[in-house]
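**Student:** I'd like to ask some things about the structure below.
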Amino acid sequence: MIRVILVALFMLIVFIVSLIMLPLEWLIGKININAKDISSLRMVQGIFKIVLFISGTKTTIIGKENIPIGESVLFVGNHRGNFDTVIAYSIMPNITGFIAKKEMNKVPIIRVWMRYLYCLLLDRQNPKEGLKTILKGIEYLKNGKSIVIFPEGTRNDGDGVLKFHGGSFKLAEKSNCKIIPMVQNNTENILETHMPFIKRTQTIIEFGKPIDVASMSKEERRNLPDITYNVVKDIYEHNKCLINKSNAL
């Protein structure tokens, strides 16, 4: 319970400080948009790192060298828990926006930070609005901003990896950016498996080798969701064994 209280108190402080920082970031953006992008990124990464420290989360990072520096990519990840985004965003080297559910737009302060960080809100129940979100994501990717998407479409509360929704991959197909498989294990044990308590947890995040969409044939592009899914699933199953061995010690 103490971890829940500490995280809640810290987030209350973040909300209060944001009332000062958000207008300051806006002002920086009026002078230098690149400076605003970087300062917003580092600010949120710092917040997330503190949250992870308070929650007792330790993460083994594998394959970070597979992320191209200075090049926009589409990160395609599995979705185990709410801490997936906290962990992943805390280690992103480049300006990166996440595609999240539209309900996040109801959360004050956070929705402004998300806008500053090029995050997009996807309405899966409204195809027309969903298409607008995908087109905006393609624009971001072409302009050098990376995107993270969880194409399972929902948090997986079972084992393994759910099948991917094919529409998510239009982001890579239309922008010709590389896909970086991003696989997380054991993040559900931080919170979801014993809500509302936060538990000290060892997790793994692995970035797979880039999938070069631009060099693919038409047939390969049609199979892109399955190709990426198989890579993510294989990494997940391998790292599940590592987690199980670690827990057994």
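Letters A, B, ... go to the chains of the structure tokens in the order shown; residues in each chain start at 1; ligands are counted from 1 in the same order.
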Give me every alpha helix (DSSP H) residue in range 67-136 of chain A, going by DSSP on the backbone, as a list of chain:residue names.

**Tutor:**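 Those in range 67-136 of chain A that DSSP calls alpha helix (DSSP H) are A:Phe83, A:Asp84, A:Thr85, A:Val86, A:Ile87, A:Ala88, A:Tyr89, A:Ile110, A:Arg111, A:Val112, A:Trp113, A:Met114, A:Arg115, A:Tyr116, A:Pro127, A:Lys128, A:Glu129, A:Gly130, A:Leu131, A:Lys132, A:Thr133, A:Ile134, A:Leu135, A:Lys136.
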
**Student:** Selection from above, N, CA and C atoms, as a compact mmCIF listing (two decimals), in the first residue's frame, can you write it?

**Tutor:**
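out_16.txt written:
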# COMPACT_ATOMS: atom_id res chain seq x y z
N PHE A 83 1.76 -0.07 -17.02
CA PHE A 83 3.14 0.35 -16.90
C PHE A 83 3.94 0.14 -18.19
N ASP A 84 3.34 -0.49 -19.20
CA ASP A 84 4.03 -0.68 -20.48
C ASP A 84 4.51 0.66 -21.03
N THR A 85 3.61 1.63 -21.03
CA THR A 85 3.94 2.95 -21.57
C THR A 85 4.96 3.66 -20.70
N VAL A 86 4.83 3.55 -19.39
CA VAL A 86 5.76 4.20 -18.47
C VAL A 86 7.18 3.69 -18.70
N ILE A 87 7.32 2.38 -18.80
CA ILE A 87 8.64 1.77 -19.01
C ILE A 87 9.20 2.15 -20.37
N ALA A 88 8.40 1.95 -21.41
CA ALA A 88 8.89 2.19 -22.77
C ALA A 88 9.26 3.65 -22.99
N TYR A 89 8.38 4.56 -22.53
CA TYR A 89 8.64 5.97 -22.81
C TYR A 89 9.85 6.49 -22.06
N ILE A 110 -2.67 15.60 -18.19
CA ILE A 110 -2.02 14.53 -18.95
C ILE A 110 -2.30 14.68 -20.44
N ARG A 111 -3.54 15.06 -20.79
CA ARG A 111 -3.87 15.19 -22.21
C ARG A 111 -3.06 16.30 -22.87
N VAL A 112 -2.68 17.33 -22.11
CA VAL A 112 -1.86 18.40 -22.67
C VAL A 112 -0.43 17.90 -22.89
N TRP A 113 0.12 17.19 -21.90
CA TRP A 113 1.46 16.61 -22.07
C TRP A 113 1.47 15.67 -23.28
N MET A 114 0.40 14.90 -23.43
CA MET A 114 0.33 13.97 -24.56
C MET A 114 0.35 14.72 -25.89
N ARG A 115 -0.35 15.83 -25.95
CA ARG A 115 -0.36 16.63 -27.17
C ARG A 115 1.02 17.19 -27.47
N TYR A 116 1.71 17.64 -26.42
CA TYR A 116 3.07 18.16 -26.58
C TYR A 116 4.04 17.08 -27.04
N PRO A 127 -14.66 4.49 -37.38
CA PRO A 127 -13.69 4.29 -38.46
C PRO A 127 -13.19 5.59 -39.09
N LYS A 128 -14.10 6.58 -39.24
CA LYS A 128 -13.71 7.84 -39.86
C LYS A 128 -12.69 8.57 -39.00
N GLU A 129 -12.95 8.64 -37.69
CA GLU A 129 -12.00 9.30 -36.79
C GLU A 129 -10.71 8.49 -36.65
N GLY A 130 -10.85 7.16 -36.68
CA GLY A 130 -9.69 6.29 -36.62
C GLY A 130 -8.76 6.51 -37.80
N LEU A 131 -9.35 6.71 -38.99
CA LEU A 131 -8.56 6.96 -40.19
C LEU A 131 -7.82 8.29 -40.07
N LYS A 132 -8.48 9.30 -39.50
CA LYS A 132 -7.82 10.59 -39.31
C LYS A 132 -6.59 10.45 -38.40
N THR A 133 -6.72 9.63 -37.37
CA THR A 133 -5.61 9.40 -36.44
C THR A 133 -4.45 8.73 -37.15
N ILE A 134 -4.75 7.71 -37.96
CA ILE A 134 -3.70 7.01 -38.70
C ILE A 134 -3.01 7.96 -39.68
N LEU A 135 -3.77 8.79 -40.37
CA LEU A 135 -3.19 9.74 -41.32
C LEU A 135 -2.29 10.75 -40.61
N LYS A 136 -2.71 11.18 -39.42
CA LYS A 136 -1.88 12.10 -38.64
C LYS A 136 -0.60 11.42 -38.20

**Student:** If we count only C-alpha atoms and set the cut-off at 10 Å, which residues sit around Lys49 in chain A, ignoring sequence neighbours fewer than 2 positions away in its own chain? Please answer as a PyMOL selection string.

**Tutor:** chain A and resi 44-47+51-55+57+86-87+89-91

**Student:** Between A:Arg42, A:Lys142, A:His165, A:Lys101, single out the one closest to Leu117 in chain A, counting only C-alpha atoms.

**Tutor:**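 Answer, going by the shortest atom-to-atom distance: A:Arg42.
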
**Student:** Fewer than 3 positions away in the same chain doesn't count, so skip those; otherwise give me all residues within 10 Å of Ile138 in chain A, counting only C-alpha atoms, as a ChimeraX atom specification.

**Tutor:** /A:74,132-135,141-143,145-147,170-177

**Student:** Taking all heavy atoms for each residue, export the selection above as a compact mmCIF listing (two decimals), in the first residue's frame.

**Tutor:**
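Writing done, so here's result-v7.txt:
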# COMPACT_ATOMS: atom_id res chain seq x y z
N LEU A 74 8.39 3.01 -36.41
CA LEU A 74 7.14 2.59 -35.79
C LEU A 74 7.45 1.46 -34.81
O LEU A 74 7.87 0.38 -35.21
CB LEU A 74 6.13 2.11 -36.84
CG LEU A 74 4.80 1.59 -36.29
CD1 LEU A 74 4.01 2.72 -35.64
CD2 LEU A 74 3.97 0.91 -37.38
N LYS A 132 -8.48 9.30 -39.50
CA LYS A 132 -7.82 10.59 -39.31
C LYS A 132 -6.59 10.45 -38.40
O LYS A 132 -5.55 11.07 -38.63
CB LYS A 132 -8.80 11.60 -38.70
CG LYS A 132 -9.87 12.09 -39.65
CD LYS A 132 -10.78 13.10 -38.95
CE LYS A 132 -11.89 13.60 -39.87
NZ LYS A 132 -12.78 14.57 -39.17
N THR A 133 -6.72 9.63 -37.37
CA THR A 133 -5.61 9.40 -36.44
C THR A 133 -4.45 8.73 -37.15
O THR A 133 -3.29 9.12 -36.97
CB THR A 133 -6.08 8.53 -35.25
OG1 THR A 133 -7.14 9.20 -34.58
CG2 THR A 133 -4.93 8.29 -34.28
N ILE A 134 -4.75 7.71 -37.96
CA ILE A 134 -3.70 7.01 -38.70
C ILE A 134 -3.01 7.96 -39.68
O ILE A 134 -1.77 7.96 -39.79
CB ILE A 134 -4.29 5.81 -39.46
CG1 ILE A 134 -4.82 4.76 -38.47
CG2 ILE A 134 -3.24 5.18 -40.38
CD1 ILE A 134 -3.78 4.16 -37.57
N LEU A 135 -3.77 8.79 -40.37
CA LEU A 135 -3.19 9.74 -41.32
C LEU A 135 -2.29 10.75 -40.61
O LEU A 135 -1.24 11.14 -41.12
CB LEU A 135 -4.30 10.46 -42.10
CG LEU A 135 -5.10 9.60 -43.08
CD1 LEU A 135 -6.25 10.40 -43.69
CD2 LEU A 135 -4.20 9.05 -44.18
N LEU A 141 5.38 10.50 -38.73
CA LEU A 141 6.49 9.63 -39.10
C LEU A 141 7.30 10.22 -40.25
O LEU A 141 8.53 10.19 -40.25
CB LEU A 141 5.96 8.24 -39.48
CG LEU A 141 5.49 7.37 -38.31
CD1 LEU A 141 4.60 6.24 -38.81
CD2 LEU A 141 6.68 6.81 -37.54
N LYS A 142 6.60 10.79 -41.22
CA LYS A 142 7.30 11.41 -42.36
C LYS A 142 8.09 12.65 -41.93
O LYS A 142 9.07 13.02 -42.58
CB LYS A 142 6.29 11.77 -43.45
CG LYS A 142 5.74 10.57 -44.21
CD LYS A 142 4.79 10.99 -45.31
CE LYS A 142 4.32 9.80 -46.12
NZ LYS A 142 3.37 10.21 -47.20
N ASN A 143 7.65 13.26 -40.83
CA ASN A 143 8.32 14.47 -40.33
C ASN A 143 9.34 14.18 -39.23
O ASN A 143 9.77 15.09 -38.52
CB ASN A 143 7.28 15.47 -39.82
CG ASN A 143 6.46 16.08 -40.96
OD1 ASN A 143 6.95 16.21 -42.08
ND2 ASN A 143 5.22 16.45 -40.67
N LYS A 145 9.06 12.07 -36.46
CA LYS A 145 8.59 11.69 -35.12
C LYS A 145 8.26 10.21 -35.12
O LYS A 145 7.51 9.72 -35.95
CB LYS A 145 7.34 12.49 -34.74
CG LYS A 145 7.44 14.00 -34.94
CD LYS A 145 8.48 14.63 -34.04
CE LYS A 145 8.43 16.15 -34.13
NZ LYS A 145 8.69 16.71 -35.46
N SER A 146 8.81 9.47 -34.17
CA SER A 146 8.50 8.04 -34.05
C SER A 146 7.14 7.86 -33.39
O SER A 146 6.63 8.76 -32.71
CB SER A 146 9.58 7.33 -33.24
OG SER A 146 10.82 7.31 -33.94
N ILE A 147 6.55 6.68 -33.60
CA ILE A 147 5.24 6.36 -33.06
C ILE A 147 5.29 4.98 -32.41
O ILE A 147 5.93 4.07 -32.93
CB ILE A 147 4.16 6.36 -34.17
CG1 ILE A 147 3.99 7.75 -34.80
CG2 ILE A 147 2.82 5.85 -33.63
CD1 ILE A 147 3.33 8.77 -33.88
N LYS A 170 -0.65 0.34 -41.47
CA LYS A 170 -0.68 1.37 -42.50
C LYS A 170 0.29 2.50 -42.18
O LYS A 170 0.81 3.17 -43.08
CB LYS A 170 -2.10 1.94 -42.64
CG LYS A 170 -3.13 0.94 -43.14
CD LYS A 170 -2.83 0.46 -44.55
CE LYS A 170 -3.89 -0.51 -45.04
NZ LYS A 170 -3.56 -1.07 -46.39
N LEU A 171 0.54 2.70 -40.89
CA LEU A 171 1.49 3.73 -40.46
C LEU A 171 2.86 3.50 -41.08
O LEU A 171 3.52 4.44 -41.53
CB LEU A 171 1.60 3.73 -38.94
CG LEU A 171 0.39 4.26 -38.16
CD1 LEU A 171 0.40 3.74 -36.73
CD2 LEU A 171 0.39 5.78 -38.18
N ALA A 172 3.30 2.25 -41.09
CA ALA A 172 4.61 1.92 -41.66
C ALA A 172 4.55 1.82 -43.18
O ALA A 172 5.46 2.28 -43.88
CB ALA A 172 5.12 0.62 -41.06
N GLU A 173 3.49 1.23 -43.70
CA GLU A 173 3.38 1.04 -45.14
C GLU A 173 3.36 2.37 -45.89
O GLU A 173 3.99 2.52 -46.93
CB GLU A 173 2.11 0.25 -45.47
CG GLU A 173 2.14 -1.21 -45.04
CD GLU A 173 0.86 -1.92 -45.41
OE1 GLU A 173 0.50 -1.91 -46.60
OE2 GLU A 173 0.19 -2.47 -44.51
N LYS A 174 2.61 3.34 -45.37
CA LYS A 174 2.45 4.61 -46.07
C LYS A 174 3.60 5.58 -45.83
O LYS A 174 3.81 6.51 -46.62
CB LYS A 174 1.13 5.27 -45.65
CG LYS A 174 -0.11 4.46 -45.98
CD LYS A 174 -0.24 4.20 -47.48
CE LYS A 174 -1.53 3.46 -47.80
NZ LYS A 174 -1.66 3.17 -49.26
N SER A 175 4.35 5.37 -44.76
CA SER A 175 5.48 6.27 -44.48
C SER A 175 6.82 5.65 -44.85
O SER A 175 7.84 6.32 -44.88
CB SER A 175 5.50 6.63 -42.99
OG SER A 175 5.74 5.47 -42.20
N ASN A 176 6.80 4.32 -45.13
CA ASN A 176 8.02 3.57 -45.46
C ASN A 176 9.06 3.60 -44.35
O ASN A 176 10.26 3.46 -44.59
CB ASN A 176 8.66 4.07 -46.76
CG ASN A 176 8.02 3.45 -47.99
OD1 ASN A 176 7.56 2.31 -47.94
ND2 ASN A 176 7.96 4.21 -49.07
N CYS A 177 8.61 3.78 -43.11
CA CYS A 177 9.54 3.76 -41.99
C CYS A 177 9.81 2.31 -41.56
O CYS A 177 9.06 1.40 -41.91
CB CYS A 177 8.99 4.55 -40.81
SG CYS A 177 7.60 3.74 -39.98

**Student:** Near Asn156 in chain A, counting only C-alpha atoms, which residues have an atom at most 10 Å away, once you skip same-chain residues fewer than 5 positions from it, shown as a list in words?

**Tutor:** Asn78, His79, Arg80, Gly81, Val161, Leu162 and Glu188 of chain A

**Student:** For range 199-209 of chain A, list every protein, DNA or RNA residue within 7 Å, evaluated using only C-alpha atoms, and leave out those in the same chain fewer than 6 positions away; present the list as a ChimeraX atom specification.

**Tutor:** /A:55-64,66,180-187,189-191

**Student:** Skipping near chain neighbours, those fewer than 3 positions away, what residues fall within 10 Å of range 20-23 of chain A using only C-alpha atoms, listed as a PyMOL selection string?

**Tutor:** chain A and resi 14-17+26-29+40+43+109+112-113+116

**Student:** Could you turn the residues from that selection into a file that holds N, CA, C and O atoms, as a compact mmCIF listing (two decimals), in the first residue's frame?

**Tutor:**
# COMPACT_ATOMS: atom_id res chain seq x y z
N VAL A 14 3.25 16.29 -9.45
CA VAL A 14 3.44 16.48 -10.89
C VAL A 14 2.33 17.34 -11.48
O VAL A 14 2.57 18.25 -12.28
N PHE A 15 1.09 17.08 -11.07
CA PHE A 15 -0.05 17.86 -11.57
C PHE A 15 0.10 19.34 -11.19
O PHE A 15 -0.15 20.23 -12.01
N ILE A 16 0.54 19.59 -9.97
CA ILE A 16 0.69 20.97 -9.51
C ILE A 16 1.83 21.67 -10.25
O ILE A 16 1.67 22.80 -10.74
N VAL A 17 2.96 20.99 -10.36
CA VAL A 17 4.12 21.56 -11.06
C VAL A 17 3.80 21.78 -12.54
O VAL A 17 4.27 22.75 -13.16
N TRP A 26 4.96 25.81 -23.54
CA TRP A 26 4.27 26.50 -24.65
C TRP A 26 5.07 27.70 -25.11
O TRP A 26 5.23 27.94 -26.31
N LEU A 27 5.61 28.45 -24.14
CA LEU A 27 6.41 29.64 -24.47
C LEU A 27 7.69 29.24 -25.18
O LEU A 27 8.09 29.88 -26.17
N ILE A 28 8.34 28.18 -24.72
CA ILE A 28 9.55 27.69 -25.38
C ILE A 28 9.24 27.32 -26.83
O ILE A 28 10.01 27.61 -27.75
N GLY A 29 8.07 26.69 -27.03
CA GLY A 29 7.67 26.29 -28.38
C GLY A 29 7.48 27.46 -29.32
O GLY A 29 7.69 27.34 -30.53
N SER A 40 10.16 18.72 -23.36
CA SER A 40 8.95 18.00 -22.96
C SER A 40 9.24 16.50 -22.83
O SER A 40 8.79 15.85 -21.87
N MET A 43 11.36 15.93 -19.68
CA MET A 43 10.55 16.16 -18.48
C MET A 43 9.69 14.94 -18.16
O MET A 43 9.69 14.43 -17.03
N ILE A 109 -4.49 17.83 -17.67
CA ILE A 109 -3.03 17.94 -17.55
C ILE A 109 -2.34 16.89 -18.42
O ILE A 109 -1.54 17.22 -19.30
N VAL A 112 -2.68 17.33 -22.11
CA VAL A 112 -1.86 18.40 -22.67
C VAL A 112 -0.43 17.90 -22.89
O VAL A 112 0.17 18.15 -23.94
N TRP A 113 0.12 17.19 -21.90
CA TRP A 113 1.46 16.61 -22.07
C TRP A 113 1.47 15.67 -23.28
O TRP A 113 2.43 15.65 -24.06
N TYR A 116 1.71 17.64 -26.42
CA TYR A 116 3.07 18.16 -26.58
C TYR A 116 4.04 17.08 -27.04
O TYR A 116 5.05 17.38 -27.69

**Student:** DSSP on the backbone, then: every residue of range 61-152 of chain A marked strand (DSSP E), written as a PyMOL selection string.

**Tutor:** chain A and resi 61-62+73-77+96-101+120-122+146-149

**Student:** Those same residues - N, CA and C atoms - I'd like them written as a short mmCIF file (atom, residue, chain, number, x, y, z; two decimals), in the first residue's frame.

**Tutor:**
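Final output, again-v9.cif:
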data_model
loop_
_atom_site.label_atom_id
_atom_site.label_comp_id
_atom_site.auth_asym_id
_atom_site.auth_seq_id
_atom_site.Cartn_x
_atom_site.Cartn_y
_atom_site.Cartn_z
N ILE A 61 16.80 -4.20 -20.10
CA ILE A 61 16.62 -3.67 -21.45
C ILE A 61 17.50 -4.46 -22.41
N ILE A 62 16.89 -5.01 -23.44
CA ILE A 62 17.62 -5.81 -24.45
C ILE A 62 17.39 -5.19 -25.82
N VAL A 73 10.72 5.77 -36.52
CA VAL A 73 10.36 4.36 -36.67
C VAL A 73 8.99 4.13 -36.05
N LEU A 74 8.39 3.01 -36.41
CA LEU A 74 7.14 2.59 -35.79
C LEU A 74 7.45 1.46 -34.81
N PHE A 75 7.29 1.73 -33.52
CA PHE A 75 7.45 0.70 -32.51
C PHE A 75 6.15 -0.08 -32.41
N VAL A 76 6.23 -1.39 -32.58
CA VAL A 76 5.04 -2.24 -32.48
C VAL A 76 5.20 -3.14 -31.26
N GLY A 77 4.34 -2.93 -30.26
CA GLY A 77 4.50 -3.65 -29.00
C GLY A 77 3.30 -4.46 -28.58
N THR A 96 9.04 10.74 -29.57
CA THR A 96 8.16 9.61 -29.84
C THR A 96 6.77 9.86 -29.28
N GLY A 97 5.76 9.62 -30.11
CA GLY A 97 4.38 9.72 -29.66
C GLY A 97 3.76 8.35 -29.54
N PHE A 98 2.88 8.18 -28.58
CA PHE A 98 2.16 6.92 -28.40
C PHE A 98 0.74 7.07 -28.92
N ILE A 99 0.22 6.01 -29.51
CA ILE A 99 -1.19 5.98 -29.88
C ILE A 99 -1.95 5.35 -28.72
N ALA A 100 -2.86 6.10 -28.14
CA ALA A 100 -3.59 5.66 -26.94
C ALA A 100 -5.09 5.70 -27.20
N LYS A 101 -5.85 5.14 -26.28
CA LYS A 101 -7.30 5.14 -26.42
C LYS A 101 -7.84 6.56 -26.20
N LEU A 120 -1.26 10.38 -30.01
CA LEU A 120 -2.50 10.40 -30.77
C LEU A 120 -3.54 9.56 -30.05
N LEU A 121 -4.78 10.00 -30.11
CA LEU A 121 -5.87 9.29 -29.44
C LEU A 121 -6.74 8.60 -30.50
N LEU A 122 -6.86 7.29 -30.37
CA LEU A 122 -7.53 6.48 -31.38
C LEU A 122 -8.93 6.07 -30.92
N SER A 146 8.81 9.47 -34.17
CA SER A 146 8.50 8.04 -34.05
C SER A 146 7.14 7.86 -33.39
N ILE A 147 6.55 6.68 -33.60
CA ILE A 147 5.24 6.36 -33.06
C ILE A 147 5.29 4.98 -32.41
N VAL A 148 4.60 4.84 -31.27
CA VAL A 148 4.42 3.54 -30.63
C VAL A 148 2.96 3.15 -30.72
N ILE A 149 2.72 1.90 -31.14
CA ILE A 149 1.35 1.41 -31.20
C ILE A 149 1.29 -0.01 -30.65
#

**Student:** Quick one: residues within 10 Å of Ile5 in chain A, only C-alpha atoms, excluding same-chain residues fewer than 6 positions away - as a list in words?

**Tutor:** Met11, Ile54, Phe197 and Ile198 of chain A

**Student:** Take the residues just selected and output them with N, CA, C and O atoms as a PDB file, in the first residue's frame.

**Tutor:**
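Done, and the output landed in part_22.pdb:
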ATOM      1  N   MET A  11       2.378  11.930  -8.122  1.00  0.00           N
ATOM      2  CA  MET A  11       1.597  12.379  -9.274  1.00  0.00           C
ATOM      3  C   MET A  11       0.811  13.644  -8.948  1.00  0.00           C
ATOM      4  O   MET A  11       0.592  14.484  -9.834  1.00  0.00           O
ATOM      5  N   ILE A  54       9.890   4.625  -7.474  1.00  0.00           N
ATOM      6  CA  ILE A  54       8.998   4.539  -6.318  1.00  0.00           C
ATOM      7  C   ILE A  54       8.261   3.197  -6.300  1.00  0.00           C
ATOM      8  O   ILE A  54       8.066   2.595  -5.244  1.00  0.00           O
ATOM      9  N   PHE A 197      -2.898  -2.580  -5.516  1.00  0.00           N
ATOM     10  CA  PHE A 197      -1.567  -2.518  -4.934  1.00  0.00           C
ATOM     11  C   PHE A 197      -0.488  -2.537  -6.009  1.00  0.00           C
ATOM     12  O   PHE A 197      -0.654  -3.164  -7.068  1.00  0.00           O
ATOM     13  N   ILE A 198       0.616  -1.860  -5.737  1.00  0.00           N
ATOM     14  CA  ILE A 198       1.781  -1.859  -6.620  1.00  0.00           C
ATOM     15  C   ILE A 198       2.851  -2.733  -5.982  1.00  0.00           C
ATOM     16  O   ILE A 198       3.167  -2.577  -4.799  1.00  0.00           O
TER      17      ILE A 198
END
